[in-house]
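Below is protein-v1.cif, which holds mmCIF, C-alpha atoms.
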```
data_my_file
#
loop_
_atom_site.label_atom_id
_atom_site.label_comp_id
_atom_site.auth_asym_id
_atom_site.auth_seq_id
_atom_site.Cartn_x
_atom_site.Cartn_y
_atom_site.Cartn_z
CA MET A 860 -1.81 -4.52 4.04
CA LYS A 861 -4.11 -3.77 1.09
CA ALA A 862 -7.48 -5.52 0.96
CA ARG A 863 -7.77 -7.98 -1.93
CA HIS A 864 -10.98 -7.41 -3.91
CA ASP A 865 -11.96 -4.71 -1.40
CA GLN A 866 -12.52 -7.32 1.32
CA HIS A 867 -11.94 -6.50 4.96
CA PHE A 868 -12.26 -9.65 7.05
CA LEU A 869 -14.10 -9.57 10.35
CA ILE A 870 -11.80 -10.68 13.16
CA ASP A 871 -13.76 -9.50 16.20
CA LYS A 872 -15.63 -12.51 17.63
CA ASN A 873 -18.19 -10.37 19.44
CA ALA A 874 -19.02 -8.56 16.21
CA ILE A 875 -19.31 -11.83 14.32
CA ASN A 876 -21.70 -13.24 16.93
CA ARG A 877 -23.79 -10.06 16.99
CA ILE A 878 -24.28 -10.26 13.24
CA ALA A 879 -25.09 -13.97 13.29
CA ASP A 880 -27.58 -13.41 16.12
CA SER A 881 -29.32 -10.49 14.37
CA VAL A 882 -31.78 -12.83 12.68
CA GLU A 883 -32.96 -16.40 13.33
CA VAL A 884 -31.21 -18.52 10.69
CA LYS A 885 -31.87 -22.04 11.99
CA GLY A 886 -33.30 -24.18 9.22
CA LYS A 887 -32.96 -21.40 6.65
CA MET A 888 -31.01 -21.22 3.38
CA VAL A 889 -28.71 -18.24 3.88
CA LEU A 890 -26.79 -16.48 1.13
CA GLU A 891 -23.41 -15.12 2.19
CA VAL A 892 -21.71 -12.81 -0.29
CA GLY A 893 -17.96 -12.53 0.18
CA PRO A 894 -17.38 -15.12 2.94
CA GLY A 895 -13.64 -14.38 2.88
CA ASN A 896 -11.90 -16.45 5.54
CA GLY A 897 -15.14 -18.08 6.72
CA ALA A 898 -15.48 -16.49 10.16
CA LEU A 899 -19.11 -15.46 9.68
CA THR A 900 -19.77 -18.64 7.71
CA ARG A 901 -18.80 -20.74 10.71
CA ALA A 902 -21.05 -18.70 13.02
CA LEU A 903 -24.03 -19.14 10.69
CA LEU A 904 -23.44 -22.88 10.37
CA ALA A 905 -23.20 -23.18 14.15
CA ARG A 906 -26.66 -21.63 14.40
CA GLY A 907 -28.23 -24.22 12.12
CA ALA A 908 -28.22 -22.40 8.78
CA THR A 909 -27.58 -23.97 5.41
CA VAL A 910 -25.13 -21.51 3.89
CA HIS A 911 -24.69 -20.81 0.18
CA ALA A 912 -21.52 -18.73 -0.08
CA VAL A 913 -20.47 -16.79 -3.19
CA GLU A 914 -16.82 -15.73 -3.26
CA LEU A 915 -14.99 -13.80 -5.98
CA ASP A 916 -11.46 -14.83 -4.95
CA ARG A 917 -10.58 -18.27 -6.29
CA ILE A 918 -7.86 -18.80 -3.69
CA LEU A 919 -10.28 -18.07 -0.87
CA CYS A 920 -12.76 -20.50 -2.42
CA GLU A 921 -10.13 -23.23 -2.33
CA ASP A 922 -9.33 -22.37 1.30
CA LEU A 923 -13.02 -22.49 2.23
CA ASN A 924 -13.44 -25.86 0.50
CA ASP A 925 -10.59 -27.23 2.60
CA LEU A 926 -11.65 -25.54 5.83
CA PHE A 927 -15.27 -26.68 5.61
CA ALA A 928 -14.83 -30.02 3.85
CA ASP A 929 -17.09 -31.81 6.35
CA GLU A 930 -19.90 -29.24 6.08
CA ILE A 931 -19.72 -29.34 2.28
CA GLN A 932 -19.88 -33.13 2.40
CA GLU A 933 -22.91 -32.93 4.70
CA GLY A 934 -24.64 -30.48 2.38
CA THR A 935 -24.92 -27.64 4.89
CA LEU A 936 -22.51 -25.45 2.90
CA THR A 937 -21.89 -24.75 -0.76
CA VAL A 938 -19.11 -22.48 -2.01
CA THR A 939 -19.57 -20.85 -5.41
CA HIS A 940 -16.70 -19.09 -7.16
CA GLY A 941 -18.19 -16.05 -8.87
CA ASP A 942 -19.02 -12.37 -8.92
CA ALA A 943 -22.23 -11.90 -6.92
CA THR A 944 -23.16 -8.84 -8.98
CA ARG A 945 -23.59 -10.96 -12.10
CA CYS A 946 -23.22 -14.72 -11.56
CA GLU A 947 -26.19 -17.03 -11.08
CA LEU A 948 -27.03 -16.96 -7.38
CA PRO A 949 -27.76 -20.16 -5.48
CA PRO A 950 -31.22 -20.50 -3.89
CA PHE A 951 -31.66 -18.59 -0.62
CA GLN A 952 -34.27 -17.33 1.82
CA MET A 953 -32.13 -14.91 3.81
CA VAL A 954 -28.91 -12.97 3.28
CA VAL A 955 -26.25 -12.39 5.92
CA SER A 956 -23.07 -10.81 4.60
CA ASN A 957 -20.16 -8.48 5.16
CA LEU A 958 -20.38 -6.97 1.68
CA PRO A 959 -17.33 -5.73 -0.24
CA TYR A 960 -17.69 -1.96 -0.05
CA SER A 961 -17.10 -1.21 -3.73
CA VAL A 962 -20.06 -3.32 -4.95
CA SER A 963 -22.51 -2.64 -2.11
CA SER A 964 -24.95 -0.72 -4.29
CA LYS A 965 -24.98 -3.22 -7.17
CA ILE A 966 -25.46 -6.20 -4.87
CA THR A 967 -28.18 -4.46 -2.85
CA PHE A 968 -30.21 -3.66 -5.96
CA ARG A 969 -29.74 -7.19 -7.24
CA LEU A 970 -30.86 -8.74 -3.96
CA LEU A 971 -33.97 -6.57 -3.87
CA ASP A 972 -34.83 -7.74 -7.39
CA ALA A 973 -34.26 -11.37 -6.44
CA GLY A 974 -36.34 -11.21 -3.26
CA PHE A 975 -35.67 -12.59 0.23
CA GLU A 976 -37.25 -12.83 3.67
CA THR A 977 -34.70 -10.76 5.59
CA ALA A 978 -31.15 -9.54 5.02
CA VAL A 979 -28.52 -8.54 7.57
CA LEU A 980 -25.81 -6.69 5.69
CA MET A 981 -22.73 -4.70 6.56
CA TYR A 982 -21.86 -1.52 4.68
CA GLN A 983 -19.66 1.51 5.04
CA GLU A 984 -21.36 3.65 7.65
CA GLU A 985 -21.83 6.56 5.25
CA PHE A 986 -23.45 4.26 2.67
CA ALA A 987 -25.79 2.78 5.29
CA ARG A 988 -26.83 6.23 6.49
CA ARG A 989 -27.65 7.26 2.91
CA MET A 990 -29.77 4.13 2.62
CA VAL A 991 -31.94 5.16 5.57
CA ALA A 992 -32.09 8.89 4.71
CA PRO A 993 -35.80 9.79 4.58
CA ALA A 994 -37.37 10.77 1.28
CA GLY A 995 -37.80 14.52 1.03
CA THR A 996 -34.49 15.32 2.71
CA LYS A 997 -31.22 16.55 1.20
CA ASP A 998 -29.39 13.32 2.11
CA CYS A 999 -31.73 11.00 0.22
CA GLY A 1000 -30.77 9.63 -3.16
CA ARG A 1001 -31.49 6.84 -5.62
CA LEU A 1002 -30.38 4.23 -3.09
CA SER A 1003 -32.63 5.63 -0.34
CA ILE A 1004 -35.71 5.76 -2.55
CA MET A 1005 -35.30 2.34 -4.15
CA VAL A 1006 -34.58 0.50 -0.91
CA GLN A 1007 -37.29 2.25 1.09
CA THR A 1008 -39.86 1.70 -1.67
CA TYR A 1009 -39.56 -2.04 -1.35
CA ALA A 1010 -38.28 -2.65 2.18
CA VAL A 1011 -38.02 -1.53 5.79
CA VAL A 1012 -34.43 -0.71 6.77
CA GLN A 1013 -33.24 -0.77 10.38
CA GLN A 1014 -29.85 0.38 11.62
CA CYS A 1015 -28.46 -2.29 13.95
CA PHE A 1016 -25.00 -1.20 15.13
CA THR A 1017 -21.70 0.29 13.97
CA LEU A 1018 -18.26 -1.30 14.03
CA PRO A 1019 -14.87 0.45 14.21
CA PRO A 1020 -11.98 -0.37 11.84
CA THR A 1021 -10.28 -2.41 14.59
CA CYS A 1022 -12.86 -5.17 14.06
CA PHE A 1023 -11.36 -5.95 10.64
CA SER A 1024 -8.19 -7.10 8.96
CA PRO A 1025 -6.93 -5.24 7.06
CA LYS A 1026 -8.43 -2.21 8.79
CA PRO A 1027 -10.68 -0.08 6.58
CA GLN A 1028 -10.37 3.69 6.80
CA VAL A 1029 -14.03 4.09 7.74
CA HIS A 1030 -16.51 2.79 10.28
CA SER A 1031 -18.99 0.15 9.18
CA MET A 1032 -22.67 -0.30 9.93
CA VAL A 1033 -24.84 -3.41 10.06
CA VAL A 1034 -28.40 -2.98 8.85
CA ARG A 1035 -31.41 -5.26 8.66
CA ILE A 1036 -33.53 -5.11 5.50
CA THR A 1037 -37.02 -6.61 5.46
CA PRO A 1038 -38.88 -6.50 2.12
CA ARG A 1039 -42.51 -5.35 2.01
CA PRO A 1040 -44.93 -4.27 -0.74
CA PRO A 1041 -44.66 -0.61 -1.76
CA ILE A 1042 -46.73 1.71 0.41
CA PHE A 1043 -47.76 3.54 -2.77
CA GLY A 1044 -48.58 1.18 -5.63
CA VAL A 1045 -46.02 0.73 -8.41
CA ASN A 1046 -47.56 -0.34 -11.74
CA ASP A 1047 -44.27 -1.01 -13.54
CA LYS A 1048 -41.17 -1.76 -11.46
CA LYS A 1049 -38.78 -1.14 -14.34
CA ARG A 1050 -40.27 2.24 -15.19
CA TYR A 1051 -40.24 3.20 -11.52
CA ALA A 1052 -36.55 2.29 -11.25
CA ASP A 1053 -35.80 4.21 -14.46
CA VAL A 1054 -37.65 7.30 -13.21
CA VAL A 1055 -35.75 7.29 -9.93
CA ARG A 1056 -32.43 6.79 -11.73
CA ALA A 1057 -33.16 9.49 -14.32
CA LEU A 1058 -34.17 12.09 -11.76
CA PHE A 1059 -31.23 11.49 -9.43
CA THR A 1060 -28.84 11.50 -12.38
CA HIS A 1061 -29.89 15.16 -12.59
CA ARG A 1062 -30.52 15.71 -8.91
CA ARG A 1063 -29.70 19.44 -9.05
CA LYS A 1064 -32.34 19.99 -11.73
CA THR A 1065 -36.09 20.26 -11.31
CA VAL A 1066 -38.23 17.23 -12.09
CA LYS A 1067 -39.34 18.89 -15.33
CA ASN A 1068 -35.77 19.43 -16.54
CA GLY A 1069 -34.68 16.05 -15.24
CA LEU A 1070 -37.35 14.30 -17.28
CA LYS A 1071 -36.46 16.41 -20.34
CA GLY A 1072 -32.83 15.34 -19.97
CA SER A 1073 -33.58 11.66 -19.39
CA SER A 1074 -32.76 10.51 -22.92
CA GLY A 1075 -31.24 7.03 -22.83
CA ILE A 1076 -33.03 6.15 -19.60
CA LEU A 1077 -36.70 7.02 -20.24
CA ASP A 1078 -38.68 6.92 -23.46
CA HIS A 1079 -38.78 10.48 -24.85
CA ASP A 1080 -42.48 10.44 -25.75
CA TRP A 1081 -43.43 9.06 -22.34
CA ALA A 1082 -41.34 11.74 -20.61
CA GLU A 1083 -43.10 14.48 -22.62
CA ARG A 1084 -46.53 13.06 -21.69
CA ALA A 1085 -45.47 12.91 -18.05
CA ILE A 1086 -44.38 16.55 -18.06
CA ALA A 1087 -47.73 17.55 -19.57
CA ALA A 1088 -49.69 15.57 -16.97
CA LEU A 1089 -47.82 16.38 -13.76
CA PRO A 1090 -48.77 19.28 -11.49
CA ASP A 1091 -46.42 22.25 -11.19
CA GLU A 1092 -45.75 21.37 -7.55
CA ILE A 1093 -43.96 18.21 -8.63
CA LEU A 1094 -42.44 19.59 -11.83
CA LYS A 1095 -40.78 22.48 -9.97
CA SER A 1096 -39.37 20.26 -7.21
CA ARG A 1097 -35.93 18.68 -7.13
CA PRO A 1098 -35.65 14.90 -6.64
CA GLU A 1099 -34.47 15.23 -3.04
CA GLU A 1100 -37.66 17.15 -2.24
CA LEU A 1101 -39.98 14.38 -3.46
CA TYR A 1102 -41.66 11.74 -1.32
CA LEU A 1103 -42.24 8.08 -2.20
CA GLU A 1104 -45.80 8.91 -3.24
CA ASP A 1105 -44.46 11.48 -5.73
CA PHE A 1106 -42.13 9.00 -7.42
CA ALA A 1107 -45.02 6.54 -7.70
CA THR A 1108 -47.25 9.25 -9.16
CA ILE A 1109 -44.67 10.05 -11.84
CA ALA A 1110 -43.88 6.44 -12.74
CA ASN A 1111 -47.52 5.34 -12.85
CA LEU A 1112 -48.46 7.84 -15.54
CA GLY A 1113 -49.66 6.12 -18.70
#
```
Go through the file and emit its structure as structure tokens.
Amino acid sequence: MKARHDQHFLIDKNAINRIADSVEVKGKMVLEVGPGNGALTRALLARGATVHAVELDRILCEDLNDLFADEIQEGTLTVTHGDATRCELPPFQMVVSNLPYSVSSKITFRLLDAGFETAVLMYQEEFARRMVAPAGTKDCGRLSIMVQTYAVVQQCFTLPPTCFSPKPQVHSMVVRITPRPPIFGVNDKKRYADVVRALFTHRRKTVKNGLKGSSGILDHDWAERAIAALPDEILKSRPEELYLEDFATIANLG
């Protein structure tokens, strides 16, 4: 059976409980992206959370409204029909979600921009491992740098395809993300994000050539000034060889 909207529903009760128990949700407003058939939703409600669910599939929204009519009436659950990558998000303090694989990156970046106390999120295992890849290693990328700049990421546990219906072709991993201020100061968050994106768009090039080829992402005059100001050690490096401090140094140039 093919997954509608790239959703693979959790059917393993132990897995559902492990996710719901990964963070204390009692008394908290919890955002759930892609609640699907409501299995995780029910576990969060049972633990005292107020859940704000955002679901892309209109039919599933109707099913959730019927299934949780009492909770909706009580005000402990709201169900919003929309695309979580672009729709207005309801208020939330935490995020607990089995994210649709195809939009994991977009939603993660959006959540980091929005801000939250803690997030427990499920990804494809490969995606999650890229997220925690240390800066300065060949496995790191834009995702690794952006997430680790603004948060601490902890790997919680992996789940096999048998925990889902329909079964995905890959293993999944649950991670816990806790925002924190950048270790190395960031003067302009947008410029920092643009620098990271520009350099990893040309990840096989040196920083110098990546900045030269960043037209459409970075201001040309700023990029030229940055090249003139940066030491050769950084200019001759490739993005995967840089550390968080290096990205901050580049982005903070006037």
In terms of the shortest atom-to-atom distance over only C-alpha atoms, which of A:Thr1060, A:Gln983, A:Leu971, A:Ala1085 is closest to Lys1048 (chain A)? A:Leu971
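When the PyMOL selection byres ((chain A and resi 1022) around 6) is run on the displayed coordinates, the residues it returns are Leu869, Ile870, Asp871, Pro1019, Pro1020, Thr1021 and Phe1023 of chain A.
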Which of A:Ser1024, A:Asn924, A:Gln866, A:Thr935 sits closest to Leu958 (chain A) [using only C-alpha atoms]: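 Of A:Ser1024, A:Asn924, A:Gln866, A:Thr935, the one nearest Leu958 (chain A) is A:Gln866, counting only C-alpha atoms.
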Which residue, A:Val954, A:Ala879, A:Leu1077, A:Ala1082, has the smallest gap to Glu976 (chain A) when you use all atoms listed in the file?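 Going through A:Val954, A:Ala879, A:Leu1077, A:Ala1082 one by one, the smallest distance to Glu976 (chain A) is for A:Val954.
Non-sequential neighbours of Asn957 (chain A) (distance at most 8 Å, separation of 5 or more positions within a chain, all atoms listed in the file) are Glu891, Val892, Gly893, Pro894, Leu980, Met981 and Tyr982 of chain A.
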Selection result of the PyMOL selection byres ((chain A and resi 1067) around 10) on this file, as number ranges by chain: A: 1058, 1064-1066, 1068-1072, 1082-1083, 1085-1087, 1089, 1091, 1093-1097
I need the residue set behind the PyMOL selection byres ((chain A and resi 956) around 12) for this file; please write it as a PyMOL selection string. chain A and resi 866-869+875+878-879+881+889-895+897-900+902-903+910-914+943+953-955+957-960+963+966-967+970+977-982+1032-1036
So that I have them on file, write out the residues from the current selection with C-alpha atoms, as an mmCIF file, in the frame of the given file.
```cif
data_model
loop_
_atom_site.group_PDB
_atom_site.id
_atom_site.type_symbol
_atom_site.label_atom_id
_atom_site.label_comp_id
_atom_site.auth_asym_id
_atom_site.auth_seq_id
_atom_site.Cartn_x
_atom_site.Cartn_y
_atom_site.Cartn_z
ATOM 1 C CA GLN A 866 -12.520 -7.320 1.320
ATOM 2 C CA HIS A 867 -11.940 -6.500 4.960
ATOM 3 C CA PHE A 868 -12.260 -9.650 7.050
ATOM 4 C CA LEU A 869 -14.100 -9.570 10.350
ATOM 5 C CA ILE A 875 -19.310 -11.830 14.320
ATOM 6 C CA ILE A 878 -24.280 -10.260 13.240
ATOM 7 C CA ALA A 879 -25.090 -13.970 13.290
ATOM 8 C CA SER A 881 -29.320 -10.490 14.370
ATOM 9 C CA VAL A 889 -28.710 -18.240 3.880
ATOM 10 C CA LEU A 890 -26.790 -16.480 1.130
ATOM 11 C CA GLU A 891 -23.410 -15.120 2.190
ATOM 12 C CA VAL A 892 -21.710 -12.810 -0.290
ATOM 13 C CA GLY A 893 -17.960 -12.530 0.180
ATOM 14 C CA PRO A 894 -17.380 -15.120 2.940
ATOM 15 C CA GLY A 895 -13.640 -14.380 2.880
ATOM 16 C CA GLY A 897 -15.140 -18.080 6.720
ATOM 17 C CA ALA A 898 -15.480 -16.490 10.160
ATOM 18 C CA LEU A 899 -19.110 -15.460 9.680
ATOM 19 C CA THR A 900 -19.770 -18.640 7.710
ATOM 20 C CA ALA A 902 -21.050 -18.700 13.020
ATOM 21 C CA LEU A 903 -24.030 -19.140 10.690
ATOM 22 C CA VAL A 910 -25.130 -21.510 3.890
ATOM 23 C CA HIS A 911 -24.690 -20.810 0.180
ATOM 24 C CA ALA A 912 -21.520 -18.730 -0.080
ATOM 25 C CA VAL A 913 -20.470 -16.790 -3.190
ATOM 26 C CA GLU A 914 -16.820 -15.730 -3.260
ATOM 27 C CA ALA A 943 -22.230 -11.900 -6.920
ATOM 28 C CA MET A 953 -32.130 -14.910 3.810
ATOM 29 C CA VAL A 954 -28.910 -12.970 3.280
ATOM 30 C CA VAL A 955 -26.250 -12.390 5.920
ATOM 31 C CA ASN A 957 -20.160 -8.480 5.160
ATOM 32 C CA LEU A 958 -20.380 -6.970 1.680
ATOM 33 C CA PRO A 959 -17.330 -5.730 -0.240
ATOM 34 C CA TYR A 960 -17.690 -1.960 -0.050
ATOM 35 C CA SER A 963 -22.510 -2.640 -2.110
ATOM 36 C CA ILE A 966 -25.460 -6.200 -4.870
ATOM 37 C CA THR A 967 -28.180 -4.460 -2.850
ATOM 38 C CA LEU A 970 -30.860 -8.740 -3.960
ATOM 39 C CA THR A 977 -34.700 -10.760 5.590
ATOM 40 C CA ALA A 978 -31.150 -9.540 5.020
ATOM 41 C CA VAL A 979 -28.520 -8.540 7.570
ATOM 42 C CA LEU A 980 -25.810 -6.690 5.690
ATOM 43 C CA MET A 981 -22.730 -4.700 6.560
ATOM 44 C CA TYR A 982 -21.860 -1.520 4.680
ATOM 45 C CA MET A 1032 -22.670 -0.300 9.930
ATOM 46 C CA VAL A 1033 -24.840 -3.410 10.060
ATOM 47 C CA VAL A 1034 -28.400 -2.980 8.850
ATOM 48 C CA ARG A 1035 -31.410 -5.260 8.660
ATOM 49 C CA ILE A 1036 -33.530 -5.110 5.500
#
```
Got a sec: who's within 12 Å of Val1055 (chain A), counting all atoms listed in the file, leaving out chain neighbours fewer than 4 positions off, as a PyMOL selection string? chain A and resi 994+999-1006+1008+1048-1051+1059-1062+1066+1069-1070+1073+1076-1077+1097-1099+1101-1103+1105-1110
Take the selection from the previous step and output its residues with C-alpha atoms, as a tab-separated table (two decimals), in the coordinates of the input.
```tsv
chain	number	residue	atom	x	y	z
A	994	ALA	CA	-37.37	10.77	1.28
A	999	CYS	CA	-31.73	11.00	0.22
A	1000	GLY	CA	-30.77	9.63	-3.16
A	1001	ARG	CA	-31.49	6.84	-5.62
A	1002	LEU	CA	-30.38	4.23	-3.09
A	1003	SER	CA	-32.63	5.63	-0.34
A	1004	ILE	CA	-35.71	5.76	-2.55
A	1005	MET	CA	-35.30	2.34	-4.15
A	1006	VAL	CA	-34.58	0.50	-0.91
A	1008	THR	CA	-39.86	1.70	-1.67
A	1048	LYS	CA	-41.17	-1.76	-11.46
A	1049	LYS	CA	-38.78	-1.14	-14.34
A	1050	ARG	CA	-40.27	2.24	-15.19
A	1051	TYR	CA	-40.24	3.20	-11.52
A	1059	PHE	CA	-31.23	11.49	-9.43
A	1060	THR	CA	-28.84	11.50	-12.38
A	1061	HIS	CA	-29.89	15.16	-12.59
A	1062	ARG	CA	-30.52	15.71	-8.91
A	1066	VAL	CA	-38.23	17.23	-12.09
A	1069	GLY	CA	-34.68	16.05	-15.24
A	1070	LEU	CA	-37.35	14.30	-17.28
A	1073	SER	CA	-33.58	11.66	-19.39
A	1076	ILE	CA	-33.03	6.15	-19.60
A	1077	LEU	CA	-36.70	7.02	-20.24
A	1097	ARG	CA	-35.93	18.68	-7.13
A	1098	PRO	CA	-35.65	14.90	-6.64
A	1099	GLU	CA	-34.47	15.23	-3.04
A	1101	LEU	CA	-39.98	14.38	-3.46
A	1102	TYR	CA	-41.66	11.74	-1.32
A	1103	LEU	CA	-42.24	8.08	-2.20
A	1105	ASP	CA	-44.46	11.48	-5.73
A	1106	PHE	CA	-42.13	9.00	-7.42
A	1107	ALA	CA	-45.02	6.54	-7.70
A	1108	THR	CA	-47.25	9.25	-9.16
A	1109	ILE	CA	-44.67	10.05	-11.84
A	1110	ALA	CA	-43.88	6.44	-12.74
```
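Interatomic distance, CA of Lys872 (chain A) against CA of Gln1013 (chain A): 22.4 Å.
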Quick one: of A:Thr1037, A:Asn873, A:Gln1028, A:Asn896, who's nearest to Gln1007 (chain A), counting only C-alpha atoms? A:Thr1037
Please indicate the distance in Å from CA of Arg906 (chain A) to CA of Val884 (chain A), rounded to one decimal place.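 Straight-line distance from CA of Arg906 (chain A) to CA of Val884 (chain A) works out to 6.6 Å.
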Atomic distance CA of Ile918 (chain A) - CA of Glu947 (chain A), expressed in Å with one decimal: 19.8 Å
Nearest to Ala992 (chain A) by atom-to-atom distance, counting all atoms listed in the file, from A:Ala1052, A:Pro949, A:Arg969, A:Val1012: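 Of the candidates, the smallest distance to Ala992 (chain A) is held by A:Val1012.
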Ranking A:Ile1042, A:Cys1015, A:Val991, A:Leu936 by minimum distance to Phe951 (chain A) and counting all atoms listed in the file, which one comes first? A:Leu936
Output region 1080-1093 of chain A with N, CA and C atoms present, as a PDB file, in the coordinates of the input.
```pdb
ATOM      1  N   ASP A1080     -41.060  10.109 -25.636  1.00  0.00           N
ATOM      2  CA  ASP A1080     -42.480  10.440 -25.750  1.00  0.00           C
ATOM      3  C   ASP A1080     -43.184  10.292 -24.403  1.00  0.00           C
ATOM      4  N   TRP A1081     -42.811   9.246 -23.667  1.00  0.00           N
ATOM      5  CA  TRP A1081     -43.430   9.060 -22.340  1.00  0.00           C
ATOM      6  C   TRP A1081     -43.055  10.234 -21.436  1.00  0.00           C
ATOM      7  N   ALA A1082     -41.793  10.635 -21.461  1.00  0.00           N
ATOM      8  CA  ALA A1082     -41.340  11.740 -20.610  1.00  0.00           C
ATOM      9  C   ALA A1082     -42.102  13.023 -20.939  1.00  0.00           C
ATOM     10  N   GLU A1083     -42.350  13.285 -22.223  1.00  0.00           N
ATOM     11  CA  GLU A1083     -43.100  14.480 -22.620  1.00  0.00           C
ATOM     12  C   GLU A1083     -44.535  14.411 -22.110  1.00  0.00           C
ATOM     13  N   ARG A1084     -45.155  13.223 -22.193  1.00  0.00           N
ATOM     14  CA  ARG A1084     -46.530  13.060 -21.690  1.00  0.00           C
ATOM     15  C   ARG A1084     -46.563  13.253 -20.181  1.00  0.00           C
ATOM     16  N   ALA A1085     -45.530  12.764 -19.497  1.00  0.00           N
ATOM     17  CA  ALA A1085     -45.470  12.910 -18.050  1.00  0.00           C
ATOM     18  C   ALA A1085     -45.370  14.377 -17.658  1.00  0.00           C
ATOM     19  N   ILE A1086     -44.538  15.114 -18.354  1.00  0.00           N
ATOM     20  CA  ILE A1086     -44.380  16.550 -18.060  1.00  0.00           C
ATOM     21  C   ILE A1086     -45.710  17.278 -18.249  1.00  0.00           C
ATOM     22  N   ALA A1087     -46.445  16.900 -19.296  1.00  0.00           N
ATOM     23  CA  ALA A1087     -47.730  17.550 -19.570  1.00  0.00           C
ATOM     24  C   ALA A1087     -48.776  17.210 -18.516  1.00  0.00           C
ATOM     25  N   ALA A1088     -48.657  16.033 -17.907  1.00  0.00           N
ATOM     26  CA  ALA A1088     -49.690  15.570 -16.970  1.00  0.00           C
ATOM     27  C   ALA A1088     -49.416  15.925 -15.525  1.00  0.00           C
ATOM     28  N   LEU A1089     -48.174  16.172 -15.164  1.00  0.00           N
ATOM     29  CA  LEU A1089     -47.820  16.380 -13.760  1.00  0.00           C
ATOM     30  C   LEU A1089     -48.140  17.794 -13.294  1.00  0.00           C
ATOM     31  N   PRO A1090     -48.515  17.928 -12.030  1.00  0.00           N
ATOM     32  CA  PRO A1090     -48.770  19.280 -11.490  1.00  0.00           C
ATOM     33  C   PRO A1090     -47.476  20.058 -11.321  1.00  0.00           C
ATOM     34  N   ASP A1091     -47.596  21.385 -11.330  1.00  0.00           N
ATOM     35  CA  ASP A1091     -46.420  22.250 -11.190  1.00  0.00           C
ATOM     36  C   ASP A1091     -45.666  21.987  -9.880  1.00  0.00           C
ATOM     37  N   GLU A1092     -46.398  21.622  -8.843  1.00  0.00           N
ATOM     38  CA  GLU A1092     -45.750  21.370  -7.550  1.00  0.00           C
ATOM     39  C   GLU A1092     -44.679  20.304  -7.652  1.00  0.00           C
ATOM     40  N   ILE A1093     -44.953  19.269  -8.422  1.00  0.00           N
ATOM     41  CA  ILE A1093     -43.960  18.210  -8.630  1.00  0.00           C
ATOM     42  C   ILE A1093     -42.919  18.643  -9.655  1.00  0.00           C
TER      43      ILE A1093
END
```
